[in-house]
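Student: My structure is in target-v6.pdb, and what it holds is PDB, C-alpha atoms:
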ATOM      1  CA  MET A   1      20.470  88.622 129.093
ATOM      2  CA  THR A   2      22.444  88.104 132.301
ATOM      3  CA  THR A   3      22.736  90.515 135.208
ATOM      4  CA  ALA A   4      26.324  91.183 134.162
ATOM      5  CA  ASP A   5      25.194  92.183 130.676
ATOM      6  CA  ASN A   6      22.601  94.526 132.207
ATOM      7  CA  HIS A   7      25.283  96.180 134.326
ATOM      8  CA  ASP A   8      27.583  96.537 131.333
ATOM      9  CA  ARG A   9      24.796  98.099 129.263
ATOM     10  CA  GLU A  10      24.089 100.543 132.078
ATOM     11  CA  TYR A  11      27.765 101.553 132.320
ATOM     12  CA  ILE A  12      27.967 102.123 128.563
ATOM     13  CA  MET A  13      24.759 104.199 128.630
ATOM     14  CA  ILE A  14      26.275 106.363 131.367
ATOM     15  CA  TRP A  15      29.349 106.817 129.156
ATOM     16  CA  VAL A  16      27.124 107.896 126.255
ATOM     17  CA  TRP A  17      25.457 110.482 128.504
ATOM     18  CA  LEU A  18      28.843 111.718 129.726
ATOM     19  CA  VAL A  19      30.112 112.202 126.176
ATOM     20  CA  ALA A  20      26.866 113.934 125.147
ATOM     21  CA  LEU A  21      27.157 116.291 128.126
ATOM     22  CA  LEU A  22      30.805 116.936 127.242
ATOM     23  CA  VAL A  23      29.886 117.931 123.679
ATOM     24  CA  THR A  24      26.994 120.085 124.918
ATOM     25  CA  GLY A  25      29.137 121.860 127.487
ATOM     26  CA  THR A  26      31.887 122.504 124.965
ATOM     27  CA  LEU A  27      29.439 124.114 122.528
ATOM     28  CA  ILE A  28      27.658 126.300 125.090
ATOM     29  CA  PHE A  29      29.867 129.317 124.588
ATOM     30  CA  MET A  30      28.798 129.386 120.937
ATOM     31  CA  LEU A  31      25.219 130.159 122.033
ATOM     32  CA  PRO A  32      23.966 133.778 121.967
ATOM     33  CA  ILE A  33      23.690 134.052 125.758
ATOM     34  CA  SER A  34      25.417 136.193 128.368
ATOM     35  CA  LYS A  35      28.817 135.131 129.688
ATOM     36  CA  THR A  36      27.394 134.644 133.188
ATOM     37  CA  ALA A  37      24.644 132.355 131.900
ATOM     38  CA  ALA A  38      27.149 130.411 129.790
ATOM     39  CA  ILE A  39      29.491 129.874 132.759
ATOM     40  CA  ALA A  40      26.573 128.816 134.979
ATOM     41  CA  LEU A  41      25.444 126.310 132.337
ATOM     42  CA  ILE A  42      28.957 124.966 131.768
ATOM     43  CA  PHE A  43      29.530 124.304 135.464
ATOM     44  CA  GLY A  44      26.014 122.949 135.895
ATOM     45  CA  ILE A  45      26.742 120.407 133.162
ATOM     46  CA  ALA A  46      30.078 119.590 134.832
ATOM     47  CA  ALA A  47      28.226 118.967 138.100
ATOM     48  CA  VAL A  48      25.812 116.584 136.354
ATOM     49  CA  LYS A  49      28.737 114.683 134.808
ATOM     50  CA  ALA A  50      30.436 114.436 138.197
ATOM     51  CA  ILE A  51      27.231 113.162 139.813
ATOM     52  CA  LEU A  52      26.875 110.487 137.122
ATOM     53  CA  VAL A  53      30.436 109.264 137.736
ATOM     54  CA  LEU A  54      30.054 109.408 141.525
ATOM     55  CA  ARG A  55      26.656 107.736 141.587
ATOM     56  CA  ASP A  56      27.066 105.055 138.913
ATOM     57  CA  TYR A  57      30.800 104.396 138.488
ATOM     58  CA  MET A  58      31.812 104.916 142.121
ATOM     59  CA  HIS A  59      28.536 103.290 143.257
ATOM     60  CA  LEU A  60      27.752 106.045 145.744
ATOM     61  CA  LYS A  61      24.040 105.359 145.231
ATOM     62  CA  SER A  62      24.440 102.051 147.057
ATOM     63  CA  GLU A  63      27.000 103.052 149.676
ATOM     64  CA  ARG A  64      26.480 103.529 153.398
ATOM     65  CA  MET A  65      26.080 106.922 155.071
ATOM     66  CA  LEU A  66      29.620 106.582 156.423
ATOM     67  CA  VAL A  67      31.015 107.029 152.907
ATOM     68  CA  TYR A  68      28.847 110.101 152.336
ATOM     69  CA  ALA A  69      30.083 111.559 155.617
ATOM     70  CA  ILE A  70      33.728 110.881 154.784
ATOM     71  CA  ALA A  71      33.362 112.517 151.357
ATOM     72  CA  ALA A  72      31.076 115.395 152.366
ATOM     73  CA  VAL A  73      33.023 116.781 155.342
ATOM     74  CA  PRO A  74      36.176 117.795 153.409
ATOM     75  CA  LEU A  75      34.033 119.170 150.597
ATOM     76  CA  VAL A  76      32.208 121.460 153.030
ATOM     77  CA  LEU A  77      35.517 122.442 154.632
ATOM     78  CA  ALA A  78      37.148 123.239 151.283
ATOM     79  CA  ILE A  79      34.184 125.402 150.264
ATOM     80  CA  GLY A  80      34.206 127.092 153.673
ATOM     81  CA  PHE A  81      37.931 127.859 153.460
ATOM     82  CA  ALA A  82      37.405 129.442 150.045
ATOM     83  CA  LEU A  83      34.489 131.512 151.293
ATOM     84  CA  VAL A  84      36.394 132.929 154.271
ATOM     85  CA  LEU A  85      39.089 134.115 151.849
ATOM     86  CA  ILE A  86      36.619 136.257 149.875
ATOM     87  CA  PRO A  87      37.109 139.441 151.946
ATOM     88  CA  ASP A  88      40.876 139.174 151.656
ATOM     89  CA  ILE A  89      41.212 138.264 147.987
ATOM     90  CA  ILE A  90      38.255 139.805 146.186
ATOM     91  CA  PHE A  91      37.591 142.906 148.219
ATOM     92  CA  ARG A  92      41.137 143.855 149.151
ATOM     93  CA  ARG A  93      42.021 147.379 148.038
TER      94      ARG A  93
ATOM     95  CA  MET B  94      24.766  84.475 167.019
ATOM     96  CA  ASP B  95      27.280  83.209 169.510
ATOM     97  CA  ARG B  96      30.569  84.944 168.945
ATOM     98  CA  GLU B  97      33.948  83.512 169.839
ATOM     99  CA  LEU B  98      35.640  85.599 172.562
ATOM    100  CA  ASP B  99      39.327  86.448 172.678
ATOM    101  CA  ALA B 100      41.467  86.421 175.823
ATOM    102  CA  ALA B 101      40.301  89.888 176.796
ATOM    103  CA  GLY B 102      36.676  88.824 176.573
ATOM    104  CA  SER B 103      35.995  90.901 173.433
ATOM    105  CA  GLY B 104      34.097  89.510 170.460
ATOM    106  CA  ILE B 105      36.321  88.704 167.502
ATOM    107  CA  PHE B 106      35.148  90.574 164.429
ATOM    108  CA  GLU B 107      36.338  90.427 160.844
ATOM    109  CA  PRO B 108      38.018  93.661 159.671
ATOM    110  CA  GLY B 109      35.270  96.067 158.677
ATOM    111  CA  GLU B 110      32.518  93.897 160.090
ATOM    112  CA  THR B 111      31.476  96.410 162.746
ATOM    113  CA  ILE B 112      30.953  99.146 160.145
ATOM    114  CA  GLY B 113      29.408  96.910 157.506
ATOM    115  CA  MET B 114      31.898  97.515 154.731
ATOM    116  CA  PRO B 115      35.435  96.407 153.894
ATOM    117  CA  ILE B 116      37.958  98.332 155.945
ATOM    118  CA  GLY B 117      40.011  98.924 152.800
ATOM    119  CA  LYS B 118      37.134 100.835 151.229
ATOM    120  CA  VAL B 119      36.961 103.113 154.278
ATOM    121  CA  GLY B 120      40.689 103.687 153.891
ATOM    122  CA  VAL B 121      40.384 104.561 150.224
ATOM    123  CA  TRP B 122      37.570 107.027 150.905
ATOM    124  CA  TRP B 123      39.608 108.626 153.711
ATOM    125  CA  PHE B 124      42.430 109.068 151.220
ATOM    126  CA  LEU B 125      40.023 110.537 148.640
ATOM    127  CA  ALA B 126      38.725 112.886 151.344
ATOM    128  CA  SER B 127      42.246 114.247 151.788
ATOM    129  CA  GLU B 128      42.493 114.680 148.020
ATOM    130  CA  ILE B 129      39.191 116.596 148.048
ATOM    131  CA  MET B 130      40.801 118.995 150.537
ATOM    132  CA  VAL B 131      43.853 119.474 148.307
ATOM    133  CA  PHE B 132      42.061 119.983 145.007
ATOM    134  CA  GLY B 133      39.099 121.765 146.602
ATOM    135  CA  GLY B 134      41.405 124.283 148.235
ATOM    136  CA  LEU B 135      43.387 124.887 145.053
ATOM    137  CA  ILE B 136      40.313 125.201 142.837
ATOM    138  CA  GLY B 137      38.557 127.493 145.312
ATOM    139  CA  THR B 138      41.613 129.727 145.540
ATOM    140  CA  PHE B 139      41.935 129.816 141.750
ATOM    141  CA  ILE B 140      38.298 130.865 141.381
ATOM    142  CA  LEU B 141      38.707 133.667 143.930
ATOM    143  CA  PHE B 142      41.895 135.013 142.363
ATOM    144  CA  ARG B 143      40.356 134.813 138.916
ATOM    145  CA  ILE B 144      37.362 136.862 140.017
ATOM    146  CA  ALA B 145      39.636 139.369 141.776
ATOM    147  CA  HIS B 146      41.846 139.831 138.711
ATOM    148  CA  GLY B 147      39.228 140.441 136.036
ATOM    149  CA  GLY B 148      38.737 136.887 134.800
ATOM    150  CA  TRP B 149      42.091 136.364 133.065
ATOM    151  CA  ALA B 150      40.307 136.177 129.698
ATOM    152  CA  ASP B 151      43.397 137.180 127.686
ATOM    153  CA  GLU B 152      45.576 134.558 129.340
ATOM    154  CA  ALA B 153      42.936 131.835 129.126
ATOM    155  CA  ALA B 154      42.519 132.450 125.394
ATOM    156  CA  HIS B 155      45.892 130.760 124.835
ATOM    157  CA  VAL B 156      44.871 127.348 126.178
ATOM    158  CA  ASN B 157      43.728 124.884 123.539
ATOM    159  CA  TRP B 158      40.130 123.921 124.383
ATOM    160  CA  ARG B 159      40.014 121.315 121.600
ATOM    161  CA  LEU B 160      42.887 119.364 123.151
ATOM    162  CA  GLY B 161      41.292 119.850 126.562
ATOM    163  CA  ALA B 162      37.967 118.476 125.302
ATOM    164  CA  THR B 163      39.761 115.533 123.681
ATOM    165  CA  ASN B 164      41.512 114.797 126.952
ATOM    166  CA  THR B 165      38.198 114.958 128.797
ATOM    167  CA  PHE B 166      36.751 112.430 126.348
ATOM    168  CA  VAL B 167      39.780 110.177 126.876
ATOM    169  CA  LEU B 168      39.441 110.292 130.654
ATOM    170  CA  LEU B 169      35.664 109.727 130.619
ATOM    171  CA  THR B 170      36.199 106.694 128.371
ATOM    172  CA  SER B 171      38.906 105.389 130.712
ATOM    173  CA  SER B 172      36.426 105.606 133.593
ATOM    174  CA  CYS B 173      34.041 103.470 131.557
ATOM    175  CA  THR B 174      36.722 100.872 130.793
ATOM    176  CA  MET B 175      37.718 100.799 134.472
ATOM    177  CA  ILE B 176      34.173 100.048 135.652
ATOM    178  CA  MET B 177      33.806  97.472 132.866
ATOM    179  CA  ALA B 178      36.967  95.770 134.197
ATOM    180  CA  LEU B 179      35.440  95.605 137.686
ATOM    181  CA  SER B 180      32.158  94.295 136.277
ATOM    182  CA  ALA B 181      34.043  91.566 134.389
ATOM    183  CA  ALA B 182      36.039  90.632 137.505
ATOM    184  CA  ARG B 183      32.881  90.311 139.588
ATOM    185  CA  THR B 184      31.449  87.823 137.075
ATOM    186  CA  GLY B 185      34.634  85.800 136.678
ATOM    187  CA  ARG B 186      35.441  86.951 133.143
ATOM    188  CA  ARG B 187      39.204  87.067 133.573
ATOM    189  CA  GLU B 188      40.324  87.784 130.014
ATOM    190  CA  ARG B 189      37.774  90.576 129.686
ATOM    191  CA  THR B 190      39.001  92.054 132.971
ATOM    192  CA  ALA B 191      42.578  92.140 131.677
ATOM    193  CA  HIS B 192      41.524  93.695 128.368
ATOM    194  CA  PHE B 193      39.624  96.499 130.039
ATOM    195  CA  LEU B 194      42.464  97.139 132.488
ATOM    196  CA  LEU B 195      44.864  97.429 129.559
ATOM    197  CA  ALA B 196      42.474  99.814 127.813
ATOM    198  CA  THR B 197      42.344 101.967 130.953
ATOM    199  CA  VAL B 198      46.140 102.106 131.139
ATOM    200  CA  LEU B 199      46.460 102.999 127.456
ATOM    201  CA  LEU B 200      43.834 105.727 127.752
ATOM    202  CA  GLY B 201      45.659 107.138 130.756
ATOM    203  CA  LEU B 202      48.879 107.232 128.767
ATOM    204  CA  THR B 203      47.002 108.931 125.908
ATOM    205  CA  PHE B 204      45.821 111.591 128.345
ATOM    206  CA  LEU B 205      49.388 112.231 129.465
ATOM    207  CA  GLY B 206      50.567 112.328 125.852
ATOM    208  CA  ILE B 207      48.012 114.979 124.911
ATOM    209  CA  LYS B 208      48.877 116.936 128.049
ATOM    210  CA  GLY B 209      52.529 116.759 127.041
ATOM    211  CA  ILE B 210      51.690 118.175 123.615
ATOM    212  CA  GLU B 211      49.783 121.027 125.274
ATOM    213  CA  TYR B 212      52.640 121.826 127.664
ATOM    214  CA  THR B 213      55.153 121.765 124.796
ATOM    215  CA  ARG B 214      53.077 124.193 122.725
ATOM    216  CA  GLU B 215      52.413 126.526 125.643
ATOM    217  CA  ILE B 216      56.026 126.615 126.803
ATOM    218  CA  SER B 217      57.279 127.138 123.235
ATOM    219  CA  GLU B 218      54.925 130.128 123.003
ATOM    220  CA  GLY B 219      56.507 131.549 126.130
ATOM    221  CA  PHE B 220      53.883 130.584 128.699
ATOM    222  CA  THR B 221      55.480 129.051 131.794
ATOM    223  CA  PRO B 222      54.506 128.916 135.487
ATOM    224  CA  ALA B 223      56.396 132.204 135.880
ATOM    225  CA  SER B 224      54.359 133.961 133.180
ATOM    226  CA  GLY B 225      51.729 135.240 135.597
ATOM    227  CA  MET B 226      49.213 134.089 138.121
ATOM    228  CA  PHE B 227      46.874 132.377 135.617
ATOM    229  CA  TRP B 228      49.681 130.288 134.161
ATOM    230  CA  SER B 229      51.046 129.546 137.614
ATOM    231  CA  PHE B 230      47.654 128.158 138.634
ATOM    232  CA  TYR B 231      47.227 126.381 135.277
ATOM    233  CA  PHE B 232      50.495 124.460 135.504
ATOM    234  CA  LEU B 233      49.985 123.744 139.219
ATOM    235  CA  LEU B 234      46.446 122.399 138.804
ATOM    236  CA  THR B 235      47.079 120.378 135.653
ATOM    237  CA  GLY B 236      50.516 119.256 136.827
ATOM    238  CA  LEU B 237      49.197 118.011 140.171
ATOM    239  CA  HIS B 238      46.346 116.270 138.364
ATOM    240  CA  GLY B 239      48.852 114.750 135.937
ATOM    241  CA  ILE B 240      50.879 113.312 138.828
ATOM    242  CA  HIS B 241      47.701 111.680 140.105
ATOM    243  CA  VAL B 242      47.062 110.246 136.633
ATOM    244  CA  ILE B 243      50.579 108.773 136.611
ATOM    245  CA  ALA B 244      49.959 107.152 140.004
ATOM    246  CA  GLY B 245      46.661 105.734 138.733
ATOM    247  CA  ILE B 246      48.340 104.336 135.621
ATOM    248  CA  ILE B 247      50.967 102.597 137.771
ATOM    249  CA  ILE B 248      48.242 101.068 139.956
ATOM    250  CA  ASN B 249      46.172  99.922 136.986
ATOM    251  CA  ALA B 250      49.229  98.569 135.159
ATOM    252  CA  THR B 251      50.153  96.576 138.274
ATOM    253  CA  LEU B 252      46.654  95.098 138.370
ATOM    254  CA  TYR B 253      46.844  94.319 134.632
ATOM    255  CA  VAL B 254      50.135  92.459 135.043
ATOM    256  CA  ALA B 255      48.630  90.539 137.970
ATOM    257  CA  ALA B 256      45.573  89.744 135.843
ATOM    258  CA  ILE B 257      47.566  88.261 132.943
ATOM    259  CA  ARG B 258      49.874  86.381 135.295
ATOM    260  CA  GLY B 259      46.901  84.949 137.145
ATOM    261  CA  THR B 260      47.934  86.317 140.553
ATOM    262  CA  LEU B 261      45.078  88.834 140.632
ATOM    263  CA  TRP B 262      42.513  86.100 141.146
ATOM    264  CA  SER B 263      43.515  85.093 144.649
ATOM    265  CA  GLY B 264      42.189  86.670 147.783
ATOM    266  CA  HIS B 265      40.141  89.829 147.564
ATOM    267  CA  HIS B 266      40.719  90.590 143.900
ATOM    268  CA  GLU B 267      37.375  92.335 143.474
ATOM    269  CA  GLU B 268      38.184  94.686 146.323
ATOM    270  CA  ARG B 269      41.578  95.594 144.833
ATOM    271  CA  LEU B 270      39.950  96.439 141.530
ATOM    272  CA  GLU B 271      37.155  98.358 143.239
ATOM    273  CA  PHE B 272      39.613 100.441 145.293
ATOM    274  CA  ALA B 273      41.753 101.190 142.231
ATOM    275  CA  GLY B 274      38.573 102.117 140.381
ATOM    276  CA  LEU B 275      37.475 104.516 143.110
ATOM    277  CA  TYR B 276      40.804 106.335 142.838
ATOM    278  CA  TRP B 277      40.681 106.429 139.030
ATOM    279  CA  HIS B 278      37.099 107.734 138.929
ATOM    280  CA  PHE B 279      38.037 110.433 141.451
ATOM    281  CA  VAL B 280      40.884 111.565 139.180
ATOM    282  CA  ASP B 281      38.290 111.749 136.394
ATOM    283  CA  VAL B 282      35.877 113.803 138.538
ATOM    284  CA  VAL B 283      38.635 116.320 139.321
ATOM    285  CA  TRP B 284      39.334 116.748 135.599
ATOM    286  CA  ILE B 285      35.581 117.132 134.908
ATOM    287  CA  PHE B 286      35.807 120.373 136.917
ATOM    288  CA  LEU B 287      39.290 121.427 135.809
ATOM    289  CA  PHE B 288      38.339 121.322 132.118
ATOM    290  CA  PRO B 289      35.597 123.999 132.210
ATOM    291  CA  LEU B 290      37.524 125.973 134.823
ATOM    292  CA  LEU B 291      40.695 126.305 132.756
ATOM    293  CA  TYR B 292      39.526 125.834 129.173
ATOM    294  CA  LEU B 293      35.916 126.985 128.816
ATOM    295  CA  SER B 294      35.365 129.844 131.236
TER     296      SER B 294
END
Starting from the file, give its structure as structure tokens.
Tutor:
Amino acid sequence: MTTADNHDREYIMIWVWLVALLVTGTLIFMLPISKTAAIALIFGIAAVKAILVLRDYMHLKSERMLVYAIAAVPLVLAIGFALVLIPDIIFRR
Amino acid sequence: MDRELDAAGSGIFEPGETIGMPIGKVGVWWFLASEIMVFGGLIGTFILFRIAHGGWADEAAHVNWRLGATNTFVLLTSSCTMIMALSAARTGRRERTAHFLLATVLLGLTFLGIKGIEYTREISEGFTPASGMFWSFYFLLTGLHGIHVIAGIIINATLYVAAIRGTLWSGHHEERLEFAGLYWHFVDVVWIFLFPLLYLS
């Protein structure tokens, strides 16, 4: 088996995991658990799917720190902007 | 290593050589960083408004999670076909590259078709962007994502045409496919979060 075949097998296995996680996440709200727990599980599964795509399809696992820095800074900023809006949106009377 | 000097006495480097990666890849990631700001801001704002307005459970009950799940499957599969196209290109399998690029384009069009069916049903039931804050966010988030899908389809279709004409295989063809793939996978990652946000929660 060539290196190319090994890569292709790996990409297909990742796809299988992604589909399995999709099915699992879709069925979570049928479980007898609280809504908060269900939402936490659903988004946790979404995060795992995103990490699989980022790490294996976008090859982040073999990229330089520069790429991580370019991707991480706006993510932190976007989260920060949302957090500073909490007093105005959620707690406004 | 002795380096050739230019007239100003500076060493002549290949583009990207000083940072150890193709300069085009840096450019693509910079672009994706700007997209993270756009979608991150919108999604964060949606989450805050949803919490502040009691969860919008009644409104969210009208979205079709089965079609949303189907669309998620379609997009995840298109990510797989896109990376398979790149893998084929890197190993010189030209016909395979073209086939997987075509599959990616067709899956993207399928996604848009399903989205169109959803929009038609929702609008016919009276739910438009003016129907309230949930629907305003829903159409904005999915519409903006849909525009990005259209752009990705155009890029991938261009690469497919180049692949079957034979013009893709000159120059840095692997880089072009890799950069297009990065954009397409990012579009997929955004939908991975939009699906539970709008359809499951």
Student: Of the candidates B:Leu179, B:Leu275, B:Met226, B:Ile216, which shows the shortest atom-to-atom distance to chain A, using only C-alpha atoms?
Tutor: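 Once distances to chain A are computed over only C-alpha atoms, the minimum belongs to B:Leu275.
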Student: Identify, on the basis of only C-alpha atoms, every residue whose closest approach to region 45-48 of chain A does not exceed 8 Å; exclude the query and any residue fewer than 2 positions from it along the same chain; express the result as a VMD selection string.
Tutor: (chain A and resid 21 to 22 25 41 to 43 50 to 52) or (chain B and resid 285 to 286 289)
Student: Name the residues captured by the PyMOL selection byres ((chain A and resi 86) around 12) when it is applied to the shown file; answer as a list in words.
Tutor: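 The output of the PyMOL selection byres ((chain A and resi 86) around 12) on this file is Ile79, Gly80, Phe81, Ala82, Leu83, Val84, Leu85, Pro87, Asp88, Ile89, Ile90, Phe91 and Arg92 of chain A; Gly137, Thr138, Phe139, Ile140, Leu141, Phe142, Arg143, Ile144 and Ala145 of chain B.
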Student: Selection in question (the file shown): the PyMOL selection byres ((chain B and resi 125) around 12). Which residues does it include, as number ranges by chain?
Tutor: A: 58, 67-68, 70-75; B: 118-124, 126-133, 241, 272-280, 282-283
Student: Export C-alpha atoms of the chosen residues as a PDB file, in the frame of the given file?
Tutor:
ATOM      1  CA  MET A  58      31.812 104.916 142.121  1.00  0.00           C
ATOM      2  CA  VAL A  67      31.015 107.029 152.907  1.00  0.00           C
ATOM      3  CA  TYR A  68      28.847 110.101 152.336  1.00  0.00           C
ATOM      4  CA  ILE A  70      33.728 110.881 154.784  1.00  0.00           C
ATOM      5  CA  ALA A  71      33.362 112.517 151.357  1.00  0.00           C
ATOM      6  CA  ALA A  72      31.076 115.395 152.366  1.00  0.00           C
ATOM      7  CA  VAL A  73      33.023 116.781 155.342  1.00  0.00           C
ATOM      8  CA  PRO A  74      36.176 117.795 153.409  1.00  0.00           C
ATOM      9  CA  LEU A  75      34.033 119.170 150.597  1.00  0.00           C
TER      10      LEU A  75
ATOM     11  CA  LYS B 118      37.134 100.835 151.229  1.00  0.00           C
ATOM     12  CA  VAL B 119      36.961 103.113 154.278  1.00  0.00           C
ATOM     13  CA  GLY B 120      40.689 103.687 153.891  1.00  0.00           C
ATOM     14  CA  VAL B 121      40.384 104.561 150.224  1.00  0.00           C
ATOM     15  CA  TRP B 122      37.570 107.027 150.905  1.00  0.00           C
ATOM     16  CA  TRP B 123      39.608 108.626 153.711  1.00  0.00           C
ATOM     17  CA  PHE B 124      42.430 109.068 151.220  1.00  0.00           C
ATOM     18  CA  ALA B 126      38.725 112.886 151.344  1.00  0.00           C
ATOM     19  CA  SER B 127      42.246 114.247 151.788  1.00  0.00           C
ATOM     20  CA  GLU B 128      42.493 114.680 148.020  1.00  0.00           C
ATOM     21  CA  ILE B 129      39.191 116.596 148.048  1.00  0.00           C
ATOM     22  CA  MET B 130      40.801 118.995 150.537  1.00  0.00           C
ATOM     23  CA  VAL B 131      43.853 119.474 148.307  1.00  0.00           C
ATOM     24  CA  PHE B 132      42.061 119.983 145.007  1.00  0.00           C
ATOM     25  CA  GLY B 133      39.099 121.765 146.602  1.00  0.00           C
ATOM     26  CA  HIS B 241      47.701 111.680 140.105  1.00  0.00           C
ATOM     27  CA  PHE B 272      39.613 100.441 145.293  1.00  0.00           C
ATOM     28  CA  ALA B 273      41.753 101.190 142.231  1.00  0.00           C
ATOM     29  CA  GLY B 274      38.573 102.117 140.381  1.00  0.00           C
ATOM     30  CA  LEU B 275      37.475 104.516 143.110  1.00  0.00           C
ATOM     31  CA  TYR B 276      40.804 106.335 142.838  1.00  0.00           C
ATOM     32  CA  TRP B 277      40.681 106.429 139.030  1.00  0.00           C
ATOM     33  CA  HIS B 278      37.099 107.734 138.929  1.00  0.00           C
ATOM     34  CA  PHE B 279      38.037 110.433 141.451  1.00  0.00           C
ATOM     35  CA  VAL B 280      40.884 111.565 139.180  1.00  0.00           C
ATOM     36  CA  VAL B 282      35.877 113.803 138.538  1.00  0.00           C
ATOM     37  CA  VAL B 283      38.635 116.320 139.321  1.00  0.00           C
TER      38      VAL B 283
END
Student: Would you work out the distance separating CA of Thr170 (chain B) from CA of Asp8 (chain A), expressed in Å to one decimal?
Tutor: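 Result for CA of Thr170 (chain B) versus CA of Asp8 (chain A): 13.6 Å, one decimal.
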Student: Hey, which of B:Arg189, B:Glu152, B:Asn157, B:Met177 ends up closest to chain A? Count only C-alpha atoms.
Tutor: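 Result for the nearest residue to chain A: B:Met177.
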Student: Neighbouring residues of Lys208 (chain B) were defined as those with any atom within 9 Å, considering only C-alpha atoms; residues of the same chain fewer than 4 positions away were excluded. Please report them as a list in words.
Tutor: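 My list of contacting residues is Leu160, Gly161, Asn164, Thr203, Phe204, Tyr212, Thr213, Thr235 and Gly239 of chain B.
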Student: Could you check how far CA of Thr197 (chain B) sits from CA of Thr174 (chain B), in Å to one decimal?
Tutor: 5.7 Å
Student: So how many Å separate CA of Arg258 (chain B) and CA of Thr190 (chain B), to one decimal?
Tutor: 12.5 Å
Student: Could you check the closest approach to Met13 (chain A) for each of B:Gly219, B:Gly206, B:Ala182, B:Cys173 and tell me which residue wins, using all atoms listed in the file?
Tutor: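 That would be B:Cys173, the residue with the smallest distance to Met13 (chain A).
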Student: Let me make sure I understand: among B:Ile176, B:Val167, B:Ala250, B:Ile116, which one has the smallest atom-to-atom distance to chain A if we use only C-alpha atoms?
Tutor: B:Ile176
Student: For each of A:Met65, A:Ile33, A:Ile39, A:Ile28, take the minimum atom-to-atom distance to chain B, counting only C-alpha atoms, then give the residue where this is smallest.
Tutor: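 Residue with the minimum atom-to-atom distance to chain B: A:Ile39.
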Student: Which residue is closest to chain B? Choose from A:Arg9, A:Ala78, A:Asp56, A:Ile14 and count only C-alpha atoms.
Tutor: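 That would be A:Ala78, the residue with the smallest distance to chain B.
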